[in-house]
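Asks: Following this line is coords28.cif, made up of mmCIF, C-alpha atoms and all ligand atoms:
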```
data_upload
loop_
_atom_site.label_atom_id
_atom_site.label_comp_id
_atom_site.auth_asym_id
_atom_site.auth_seq_id
_atom_site.Cartn_x
_atom_site.Cartn_y
_atom_site.Cartn_z
CA MET A 1218 88.44 42.44 -50.28
CA ASN A 1219 89.34 46.13 -50.02
CA LEU A 1220 90.25 46.49 -46.36
CA ASP A 1221 90.63 50.29 -46.46
CA GLU A 1222 87.08 50.58 -47.73
CA LEU A 1223 85.71 48.19 -45.08
CA ASN A 1224 87.60 50.09 -42.40
CA SER A 1225 86.22 53.44 -43.54
CA ILE A 1226 82.63 52.11 -43.61
CA ALA A 1227 83.09 50.73 -40.08
CA LYS A 1228 84.48 54.05 -38.84
CA LYS A 1229 81.59 55.96 -40.40
CA MET A 1230 79.09 53.72 -38.57
CA VAL A 1231 80.67 54.44 -35.19
CA ALA A 1232 81.85 58.03 -35.77
CA PRO A 1233 82.07 60.17 -32.59
CA GLY A 1234 78.61 60.68 -31.11
CA LYS A 1235 77.03 58.21 -33.54
CA GLY A 1236 75.67 54.72 -33.08
CA ILE A 1237 73.49 52.18 -34.84
CA LEU A 1238 69.71 51.88 -34.99
CA ALA A 1239 68.78 48.18 -34.92
CA ALA A 1240 65.51 48.23 -36.89
CA ASP A 1241 65.92 44.68 -38.19
CA GLU A 1242 63.11 42.98 -36.29
CA SER A 1243 61.87 39.98 -38.23
CA THR A 1244 58.16 39.87 -39.05
CA GLY A 1245 57.66 37.67 -35.97
CA THR A 1246 59.60 39.97 -33.63
CA ILE A 1247 57.91 43.18 -34.82
CA GLN A 1248 54.61 41.37 -34.20
CA LYS A 1249 55.52 41.20 -30.49
CA ARG A 1250 56.37 44.93 -30.47
CA PHE A 1251 53.17 45.87 -32.33
CA ASP A 1252 51.03 43.64 -30.06
CA LYS A 1253 52.12 45.81 -27.11
CA ILE A 1254 50.79 48.97 -28.79
CA GLY A 1255 47.75 47.34 -30.42
CA VAL A 1256 48.91 47.76 -34.02
CA PRO A 1257 48.06 45.10 -36.65
CA ASN A 1258 51.24 43.60 -38.12
CA THR A 1259 50.64 44.49 -41.77
CA GLU A 1260 53.25 45.32 -44.41
CA ASP A 1261 51.92 48.91 -44.61
CA ASN A 1262 52.13 49.42 -40.84
CA ARG A 1263 55.67 48.07 -40.76
CA ARG A 1264 56.55 50.45 -43.60
CA ASP A 1265 54.83 53.47 -42.00
CA TYR A 1266 56.54 52.86 -38.69
CA ARG A 1267 60.03 52.48 -40.13
CA GLU A 1268 59.50 55.40 -42.49
CA LEU A 1269 58.72 57.69 -39.55
CA LEU A 1270 61.99 56.68 -37.88
CA PHE A 1271 64.12 57.18 -41.00
CA ARG A 1272 62.44 60.55 -41.67
CA THR A 1273 63.42 61.86 -38.22
CA GLU A 1274 65.98 63.87 -40.14
CA ALA A 1275 67.97 65.88 -37.61
CA ALA A 1276 68.41 62.91 -35.25
CA MET A 1277 69.31 60.55 -38.09
CA LYS A 1278 71.91 63.01 -39.43
CA SER A 1279 73.52 63.76 -36.08
CA HIS A 1280 73.29 60.52 -34.10
CA ILE A 1281 72.69 57.48 -36.32
CA GLY A 1282 75.71 56.16 -38.23
CA GLY A 1283 74.01 53.00 -39.50
CA VAL A 1284 70.61 51.33 -39.64
CA ILE A 1285 70.15 47.54 -39.59
CA LEU A 1286 67.26 46.47 -41.82
CA PHE A 1287 65.26 43.28 -42.29
CA ASP A 1288 64.96 41.69 -45.77
CA GLU A 1289 61.47 43.15 -46.32
CA THR A 1290 62.54 46.68 -45.35
CA ILE A 1291 65.61 46.90 -47.59
CA ARG A 1292 63.25 46.31 -50.56
CA GLN A 1293 60.47 48.63 -49.33
CA LYS A 1294 59.51 52.07 -50.60
CA ALA A 1295 58.23 54.99 -48.54
CA LYS A 1296 54.67 56.15 -49.15
CA ASP A 1297 55.88 58.63 -51.81
CA GLY A 1298 57.80 55.89 -53.64
CA THR A 1299 61.31 56.72 -52.35
CA PRO A 1300 63.16 53.53 -51.40
CA LEU A 1301 63.66 53.44 -47.61
CA VAL A 1302 67.37 52.79 -48.24
CA LYS A 1303 67.57 56.20 -49.96
CA LEU A 1304 66.12 57.93 -46.89
CA ILE A 1305 68.87 56.39 -44.77
CA GLU A 1306 71.61 57.33 -47.25
CA ALA A 1307 70.23 60.88 -47.53
CA ALA A 1308 70.73 61.25 -43.77
CA GLY A 1309 74.40 60.31 -44.21
CA SER A 1310 73.82 56.99 -42.47
CA VAL A 1311 74.91 53.54 -43.71
CA PRO A 1312 72.22 50.96 -44.58
CA GLY A 1313 72.83 47.44 -43.27
CA ILE A 1314 71.04 44.10 -43.32
CA LYS A 1315 70.35 41.23 -40.93
CA VAL A 1316 71.44 38.09 -42.76
CA ASP A 1317 71.13 35.37 -40.15
CA GLN A 1318 68.07 33.13 -40.25
CA GLY A 1319 67.57 32.76 -36.54
CA ALA A 1320 68.73 30.60 -33.65
CA LYS A 1321 67.63 26.94 -33.94
CA PRO A 1322 67.99 24.08 -31.42
CA LEU A 1323 71.52 22.67 -31.54
CA ALA A 1324 71.43 18.91 -31.96
CA GLY A 1325 73.26 17.08 -29.22
CA SER A 1326 73.22 20.09 -26.88
CA PRO A 1327 69.85 20.30 -25.11
CA GLY A 1328 68.90 23.88 -24.18
CA GLU A 1329 71.32 25.48 -26.62
CA THR A 1330 70.87 26.99 -30.06
CA VAL A 1331 73.00 27.61 -33.11
CA THR A 1332 72.28 30.42 -35.54
CA GLU A 1333 71.54 29.29 -39.09
CA GLY A 1334 71.84 31.04 -42.46
CA LEU A 1335 75.23 30.17 -44.01
CA ASP A 1336 73.89 28.19 -46.97
CA GLY A 1337 73.57 30.49 -49.98
CA LEU A 1338 74.87 33.44 -47.97
CA ARG A 1339 77.44 34.50 -50.59
CA GLU A 1340 74.69 34.98 -53.19
CA ARG A 1341 72.42 36.81 -50.74
CA LEU A 1342 75.27 39.17 -49.77
CA LYS A 1343 75.89 40.03 -53.42
CA GLU A 1344 72.21 40.90 -53.82
CA TYR A 1345 72.10 42.96 -50.62
CA HIS A 1346 75.19 44.88 -51.75
CA LYS A 1347 73.32 45.79 -54.95
CA LEU A 1348 70.35 46.91 -52.84
CA GLY A 1349 72.66 49.30 -50.94
CA ALA A 1350 73.74 47.36 -47.84
CA ARG A 1351 77.31 48.11 -46.77
CA PHE A 1352 77.23 46.19 -43.50
CA ALA A 1353 75.46 43.11 -42.16
CA LYS A 1354 74.50 41.58 -38.84
CA TRP A 1355 74.50 38.00 -37.54
CA ARG A 1356 73.34 37.28 -34.00
CA ALA A 1357 74.46 34.23 -32.04
CA VAL A 1358 72.47 33.54 -28.88
CA ILE A 1359 74.21 32.20 -25.78
CA ASP A 1360 71.94 31.27 -22.90
CA ILE A 1361 73.15 30.84 -19.33
CA GLY A 1362 71.72 27.94 -17.33
CA PRO A 1363 72.71 24.84 -15.38
CA GLY A 1364 75.51 23.26 -17.42
CA ILE A 1365 75.18 25.70 -20.31
CA PRO A 1366 76.72 27.10 -22.35
CA SER A 1367 78.75 24.04 -23.35
CA TYR A 1368 81.93 24.09 -25.39
CA ASN A 1369 79.98 22.57 -28.26
CA GLY A 1370 77.43 25.42 -28.16
CA LEU A 1371 80.02 28.17 -28.04
CA ASN A 1372 82.22 26.57 -30.67
CA ALA A 1373 79.35 26.05 -33.12
CA ASN A 1374 78.16 29.64 -32.75
CA ALA A 1375 81.64 31.18 -32.91
CA HIS A 1376 82.46 29.12 -36.00
CA ALA A 1377 79.27 30.24 -37.76
CA LEU A 1378 79.97 33.89 -36.87
CA ALA A 1379 83.46 33.60 -38.34
CA ARG A 1380 82.27 31.98 -41.59
CA TYR A 1381 79.61 34.70 -41.92
CA ALA A 1382 82.14 37.48 -41.25
CA ALA A 1383 84.60 36.13 -43.84
CA LEU A 1384 81.84 35.94 -46.46
CA CYS A 1385 80.78 39.53 -45.69
CA GLN A 1386 84.29 40.87 -46.11
CA GLU A 1387 84.77 38.92 -49.36
CA ASN A 1388 81.75 40.81 -50.69
CA GLY A 1389 82.64 44.33 -49.52
CA ILE A 1390 80.30 44.25 -46.54
CA VAL A 1391 81.33 45.07 -42.96
CA PRO A 1392 80.19 42.27 -40.61
CA ILE A 1393 78.66 43.13 -37.27
CA VAL A 1394 79.67 40.12 -35.18
CA GLU A 1395 77.04 39.70 -32.45
CA PRO A 1396 77.46 37.02 -29.81
CA GLU A 1397 74.68 37.84 -27.34
CA VAL A 1398 74.91 36.34 -23.86
CA LEU A 1399 71.32 36.62 -22.68
CA MET A 1400 70.15 38.39 -19.49
CA ASP A 1401 67.46 35.74 -18.91
CA GLY A 1402 67.76 33.88 -15.61
CA ASP A 1403 68.85 34.46 -12.03
CA HIS A 1404 72.63 34.19 -12.47
CA ASP A 1405 74.80 36.89 -10.93
CA ILE A 1406 77.07 39.40 -12.65
CA ALA A 1407 80.17 37.23 -12.07
CA ARG A 1408 78.61 34.38 -14.06
CA CYS A 1409 77.72 36.75 -16.90
CA GLU A 1410 81.33 37.97 -16.86
CA ALA A 1411 82.80 34.46 -16.96
CA VAL A 1412 80.49 33.29 -19.78
CA THR A 1413 81.05 36.46 -21.82
CA VAL A 1414 84.85 36.17 -21.52
CA TRP A 1415 84.69 32.55 -22.70
CA THR A 1416 82.35 33.51 -25.55
CA LEU A 1417 84.48 36.40 -26.79
CA LYS A 1418 87.70 34.35 -26.56
CA GLU A 1419 86.10 31.63 -28.71
CA VAL A 1420 84.73 34.17 -31.19
CA PHE A 1421 88.07 35.95 -31.74
CA GLN A 1422 89.86 32.60 -32.04
CA GLN A 1423 87.46 31.53 -34.82
CA LEU A 1424 87.71 34.95 -36.52
CA PHE A 1425 91.49 34.44 -36.60
CA TYR A 1426 91.21 30.96 -38.12
CA ALA A 1427 88.77 32.29 -40.74
CA ASN A 1428 91.16 35.11 -41.77
CA VAL A 1429 88.70 37.83 -40.86
CA ALA A 1430 90.34 41.28 -40.84
CA LEU A 1431 89.55 42.83 -37.48
CA GLU A 1432 89.95 46.35 -38.93
CA GLY A 1433 86.92 45.69 -41.14
CA MET A 1434 84.37 44.52 -38.56
CA ILE A 1435 82.25 45.78 -35.67
CA LEU A 1436 81.66 43.77 -32.49
CA LYS A 1437 78.16 43.85 -31.00
CA PRO A 1438 78.36 42.38 -27.49
CA ASN A 1439 76.15 42.32 -24.43
CA MET A 1440 77.12 44.35 -21.39
CA ILE A 1441 78.16 42.51 -18.22
CA VAL A 1442 74.97 42.54 -16.15
CA PRO A 1443 73.32 40.14 -13.69
CA GLY A 1444 70.40 38.00 -14.89
CA LYS A 1445 67.01 39.77 -14.90
CA ASN A 1446 65.84 37.62 -11.97
CA CYS A 1447 69.02 37.83 -9.93
CA PRO A 1448 68.19 39.22 -6.47
CA LYS A 1449 71.30 41.41 -6.56
CA GLN A 1450 71.16 44.06 -9.29
CA ASN A 1451 74.45 45.93 -9.67
CA SER A 1452 75.12 49.66 -9.85
CA VAL A 1453 75.86 51.55 -13.05
CA ALA A 1454 79.50 51.88 -11.95
CA GLU A 1455 79.82 48.12 -11.33
CA VAL A 1456 78.33 47.22 -14.71
CA ALA A 1457 80.57 49.71 -16.51
CA GLU A 1458 83.68 48.49 -14.71
CA ALA A 1459 83.01 44.78 -15.34
CA THR A 1460 82.13 45.39 -19.00
CA LEU A 1461 85.28 47.40 -19.68
CA ARG A 1462 87.40 44.77 -17.90
CA VAL A 1463 86.01 42.03 -20.16
CA LEU A 1464 86.33 44.04 -23.37
CA LYS A 1465 89.94 45.00 -22.59
CA GLN A 1466 90.76 41.32 -21.98
CA CYS A 1467 89.06 40.02 -25.10
CA VAL A 1468 88.80 42.59 -27.91
CA PRO A 1469 91.95 43.52 -29.87
CA SER A 1470 92.42 47.24 -30.44
CA ALA A 1471 92.44 46.64 -34.21
CA VAL A 1472 88.63 46.39 -34.01
CA PRO A 1473 87.42 49.91 -34.91
CA GLY A 1474 84.15 49.82 -33.02
CA ILE A 1475 82.13 48.06 -30.36
CA ALA A 1476 78.38 48.73 -30.50
CA PHE A 1477 76.34 47.23 -27.68
CA LEU A 1478 72.94 45.57 -27.90
CA SER A 1479 70.46 46.68 -25.23
CA GLY A 1480 69.22 43.14 -24.56
CA GLY A 1481 66.23 44.00 -22.38
CA GLN A 1482 67.81 46.70 -20.20
CA SER A 1483 65.60 49.70 -19.51
CA ASP A 1484 66.12 52.64 -21.88
CA GLU A 1485 67.82 54.68 -19.20
CA ASP A 1486 70.05 51.86 -17.92
CA ALA A 1487 71.30 51.16 -21.45
CA THR A 1488 72.19 54.85 -21.80
CA ALA A 1489 73.69 55.29 -18.33
CA HIS A 1490 75.91 52.21 -18.66
CA LEU A 1491 77.27 53.32 -22.04
CA SER A 1492 77.99 56.83 -20.78
CA ALA A 1493 79.80 55.58 -17.67
CA MET A 1494 82.09 53.42 -19.82
CA ASN A 1495 82.95 56.24 -22.20
CA ALA A 1496 83.54 58.61 -19.31
CA ALA A 1497 86.19 56.15 -18.08
CA GLY A 1498 88.16 56.45 -21.37
CA PRO A 1499 90.27 56.90 -23.37
CA LEU A 1500 89.48 53.49 -24.89
CA PRO A 1501 91.16 51.69 -27.79
CA TRP A 1502 87.92 51.34 -29.80
CA ALA A 1503 84.87 53.52 -30.41
CA LEU A 1504 82.29 52.36 -27.86
CA THR A 1505 78.69 53.04 -28.84
CA PHE A 1506 75.16 51.73 -29.15
CA SER A 1507 73.41 49.40 -31.58
CA TYR A 1508 70.11 49.39 -29.79
CA GLY A 1509 66.79 47.98 -30.87
CA ARG A 1510 64.42 48.13 -27.93
CA ALA A 1511 66.27 50.89 -26.01
CA LEU A 1512 65.89 53.24 -29.01
CA GLN A 1513 62.45 52.20 -30.17
CA ALA A 1514 60.25 51.38 -27.17
CA ALA A 1515 59.49 55.08 -26.59
CA PRO A 1516 58.66 56.01 -30.21
CA GLN A 1517 56.56 52.84 -30.60
CA ALA A 1518 54.48 53.73 -27.55
CA ALA A 1519 54.08 57.35 -28.74
CA TRP A 1520 53.06 56.29 -32.26
CA SER A 1521 50.61 53.50 -31.44
CA GLY A 1522 49.81 53.15 -35.13
CA LYS A 1523 48.15 56.57 -35.53
CA ALA A 1524 49.17 59.02 -38.26
CA GLU A 1525 48.38 61.97 -35.97
CA ASN A 1526 51.05 60.71 -33.53
CA ILE A 1527 53.93 60.67 -36.00
CA ALA A 1528 55.47 63.95 -34.78
CA LYS A 1529 55.26 62.77 -31.16
CA ALA A 1530 56.88 59.45 -32.06
CA GLN A 1531 59.65 61.22 -33.96
CA SER A 1532 60.44 63.46 -31.02
CA ALA A 1533 60.54 60.43 -28.70
CA PHE A 1534 62.98 58.75 -31.09
CA ALA A 1535 65.06 61.94 -31.43
CA HIS A 1536 65.26 62.21 -27.66
CA ARG A 1537 66.57 58.63 -27.16
CA ALA A 1538 68.98 59.05 -30.08
CA LEU A 1539 70.35 62.26 -28.51
CA MET A 1540 70.67 60.68 -25.05
CA ASN A 1541 72.59 57.72 -26.50
CA SER A 1542 74.72 60.01 -28.62
CA LEU A 1543 75.72 61.88 -25.46
CA ALA A 1544 76.42 58.50 -23.83
CA ALA A 1545 78.68 57.52 -26.72
CA LEU A 1546 80.68 60.65 -25.86
CA GLY A 1547 80.58 59.93 -22.11
CA LYS A 1548 78.57 63.11 -21.57
CA TRP A 1549 75.07 61.93 -20.64
CA THR A 1550 73.63 63.05 -17.30
CA GLU A 1551 70.35 62.34 -15.57
CA ALA A 1552 69.68 66.07 -15.58
CA GLN A 1553 69.90 66.14 -19.39
CA GLU A 1554 67.60 63.15 -19.59
CA LYS A 1555 64.93 65.04 -17.64
CA LYS A 1556 65.52 68.43 -19.27
CA ALA A 1557 65.32 67.13 -22.83
CA ALA A 1558 62.29 64.97 -22.06
P1 LIG A 1601 68.11 45.04 -28.56
O1 LIG A 1601 68.88 46.33 -28.38
O2 LIG A 1601 66.64 45.20 -28.45
O3 LIG A 1601 68.69 43.92 -27.73
O4 LIG A 1601 68.31 44.62 -30.08
C1 LIG A 1601 69.55 44.73 -30.65
C2 LIG A 1601 69.71 43.69 -31.67
O5 LIG A 1601 69.98 43.96 -32.81
C3 LIG A 1601 69.59 42.29 -31.25
O6 LIG A 1601 70.05 41.45 -32.26
#
```
In structure tokens, what does this structure look like?
Replies:
Amino acid sequence: MNLDELNSIAKKMVAPGKGILAADESTGTIQKRFDKIGVPNTEDNRRDYRELLFRTEAAMKSHIGGVILFDETIRQKAKDGTPLVKLIEAAGSVPGIKVDQGAKPLAGSPGETVTEGLDGLRERLKEYHKLGARFAKWRAVIDIGPGIPSYNGLNANAHALARYAALCQENGIVPIVEPEVLMDGDHDIARCEAVTVWTLKEVFQQLFYANVALEGMILKPNMIVPGKNCPKQNSVAEVAEATLRVLKQCVPSAVPGIAFLSGGQSDEDATAHLSAMNAAGPLPWALTFSYGRALQAAPQAAWSGKAENIAKAQSAFAHRALMNSLAALGKWTEAQEKKAA
């Protein structure tokens, strides 16, 4: 492992004003997104859609430090034959790859899942490195409910994340370590805070046991928010304050970057929360976005599968990328949101 190289890749991904585009929806997940806009889930449509994002040149160059791809996409070529990976590299952005194989029911722990994909991972990482990937992502899913998460659920997921991260670093790939505490349910913000603290403590303990170098990884956490169905929804300031409190308690400053998932927050909430946290800096790590839905819902709606809408979709994507870039600098305002729109 060359730690200097891993550290410089990680820093490039979260450079000031830059964040990560999570475009790694599996074929099943992109189906759900395409269903909403009435687009058939064909290989060509998936290619056309992702090509339009990666060809949004100015936004990619200025605001997107890394792009997470799905297995199909890292092998795909644009309509003119250029590999999609080359489009990302040409924009000065780092190509990455989702390597987990999804959350499956955890035996012995009803209601909980463990993320699979460790078997054969070393060989897959070597291949992805050849295809251009310089970072990877693995998502563990932690649900909140009566009696869950359990220690068994957290331990199994944290252990898998650590084994994945060590394998990535062995193969010159920066691991994005993503333990996602879900927003599903009616729990309040205090319960999200308590579960997220426990989760992150377990994850960093397992990363330590697995000899993962913190300087060569990125953490992708959830923000501290109440459940979607909780009657009390908290203010932007409360979410920012609770999230920073948890991160300061749990994430060593050796970690170069923290890039949040959006997790089902509205586009504007995801941006406002990130900006409020950065405005409260200075912080020991770069704090930015690694959004899927909060970057793509607007361009997907604008595109709706029609070639004549590509320019509109690209400007919707450029707008969200700019808003989140401002948020990563702590400089987003509602006025800018309206003006730029
Ligand atoms: P969302 O921002 O849509 O939560 O997706 C981010 C991601 O990569 C989840 O694994």
Asks: Mind dumping a table of every chain A residue within 6 Å of ligand LIG 1601 (chain A), with the nearest atom pair and its distance in Å to one decimal, using all atoms listed in the file, sorted by chain and rising number, as a tab-separated table?
Replies:
```
residue	atom	partner	partner_atom	distance
A:Ala1239	CA	A:LIG1601	O5	4.9
A:Arg1356	CA	A:LIG1601	O6	5.6
A:Leu1478	CA	A:LIG1601	O1	4.2
A:Ser1479	CA	A:LIG1601	O1	3.5
A:Gly1480	CA	A:LIG1601	O3	3.3
A:Gly1481	CA	A:LIG1601	O3	5.9
A:Tyr1508	CA	A:LIG1601	O1	3.6
A:Gly1509	CA	A:LIG1601	O1	3.6
A:Arg1510	CA	A:LIG1601	O2	3.7
A:Ala1511	CA	A:LIG1601	O1	5.8
```
Asks: Create the file for the chosen residues now, containing C-alpha atoms and written as a PDB file, in the frame of the given file.
Replies:
```
ATOM      1  CA  ALA A1239      68.780  48.180 -34.920  1.00  0.00           C
ATOM      2  CA  ARG A1356      73.340  37.280 -34.000  1.00  0.00           C
ATOM      3  CA  LEU A1478      72.940  45.570 -27.900  1.00  0.00           C
ATOM      4  CA  SER A1479      70.460  46.680 -25.230  1.00  0.00           C
ATOM      5  CA  GLY A1480      69.220  43.140 -24.560  1.00  0.00           C
ATOM      6  CA  GLY A1481      66.230  44.000 -22.380  1.00  0.00           C
ATOM      7  CA  TYR A1508      70.110  49.390 -29.790  1.00  0.00           C
ATOM      8  CA  GLY A1509      66.790  47.980 -30.870  1.00  0.00           C
ATOM      9  CA  ARG A1510      64.420  48.130 -27.930  1.00  0.00           C
ATOM     10  CA  ALA A1511      66.270  50.890 -26.010  1.00  0.00           C
TER      11      ALA A1511
END
```
Asks: So which one's closest to A:Pro1322, A:Gly1337, A:Pro1469, A:Pro1233, A:Gly1370? Using all atoms listed in the file, please.
Replies: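 Selected residue with least distance to A:Pro1322: A:Gly1370.
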Asks: So which residues fall inside 10 Å of (82.5, 28.0, -34.8) if we count only C-alpha atoms? Mind giving them as a list in words?
Replies: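 In the file's frame, the residues around the point are Val1331, Asn1369, Gly1370, Leu1371, Asn1372, Ala1373, Asn1374, Ala1375, His1376, Ala1377, Leu1378, Ala1379, Arg1380, Glu1419, Val1420, Gln1422, Gln1423, Leu1424, Tyr1426 and Ala1427 of chain A.
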Asks: Report as CSV: every residue of stretch 1228-1251 of chain A with an atom at most 12 Å from stretch 1277-1283 of chain A, its closest pair of atoms, and their distance in Å to one decimal, counting all atoms listed in the file, with rows sorted by chain and ascending residue number.
Replies:
```
residue,atom,partner,partner_atom,distance
A:Lys1228,CA,A:Gly1282,CA,9.0
A:Lys1229,CA,A:Gly1282,CA,6.3
A:Met1230,CA,A:Gly1282,CA,4.2
A:Val1231,CA,A:Gly1282,CA,6.1
A:Ala1232,CA,A:Gly1282,CA,6.9
A:Pro1233,CA,A:His1280,CA,8.9
A:Gly1234,CA,A:His1280,CA,6.1
A:Lys1235,CA,A:His1280,CA,4.4
A:Gly1236,CA,A:Ile1281,CA,5.2
A:Ile1237,CA,A:Gly1283,CA,4.8
A:Leu1238,CA,A:Gly1283,CA,6.3
A:Ala1239,CA,A:Gly1283,CA,8.5
A:Ala1240,CA,A:Gly1283,CA,10.1
A:Asp1241,CA,A:Gly1283,CA,11.7
```
Asks: A:Glu1387, A:His1404, A:Gly1547, A:Gly1444: which is nearest A:Asn1428, counting only C-alpha atoms?
Replies: A:Glu1387
Asks: Pick the closest to A:Trp1520 from A:Lys1249, A:Lys1437, A:Lys1294, A:Arg1267: which is it, counting only C-alpha atoms?
Replies: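 That would be A:Arg1267, the residue with the smallest distance to A:Trp1520.
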Asks: Do you have the atom CA of A:Arg1272-atom CA of A:Leu1301 distance handy?
Replies: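 Computed distance, atom CA of A:Arg1272 to atom CA of A:Leu1301, equals 9.3 Å.
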Asks: What is the distance, in Å and to one decimal place, between atom CA of A:Asn1439 and atom CA of A:Glu1397?
Replies: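 So the two atoms, atom CA of A:Asn1439 and atom CA of A:Glu1397, lie 5.5 Å apart.
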Asks: Go through A:Val1302, A:Leu1323, A:Ala1307, A:Ala1411 one by one, measure the shortest atom-to-atom distance of each to A:Tyr1345 using only C-alpha atoms, and give the residue with the smallest value.
Replies: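 Checking each of A:Val1302, A:Leu1323, A:Ala1307, A:Ala1411 against A:Tyr1345, counting only C-alpha atoms, the winner is A:Val1302.
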Asks: Kindly indicate which residue among A:Asn1388, A:Ser1225, A:Gln1553, A:Gln1517 lies nearest to A:Ala1533, using all atoms listed in the file for the distances.
Replies: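 Comparing A:Asn1388, A:Ser1225, A:Gln1553, A:Gln1517 against A:Ala1533, the winner is A:Gln1517.
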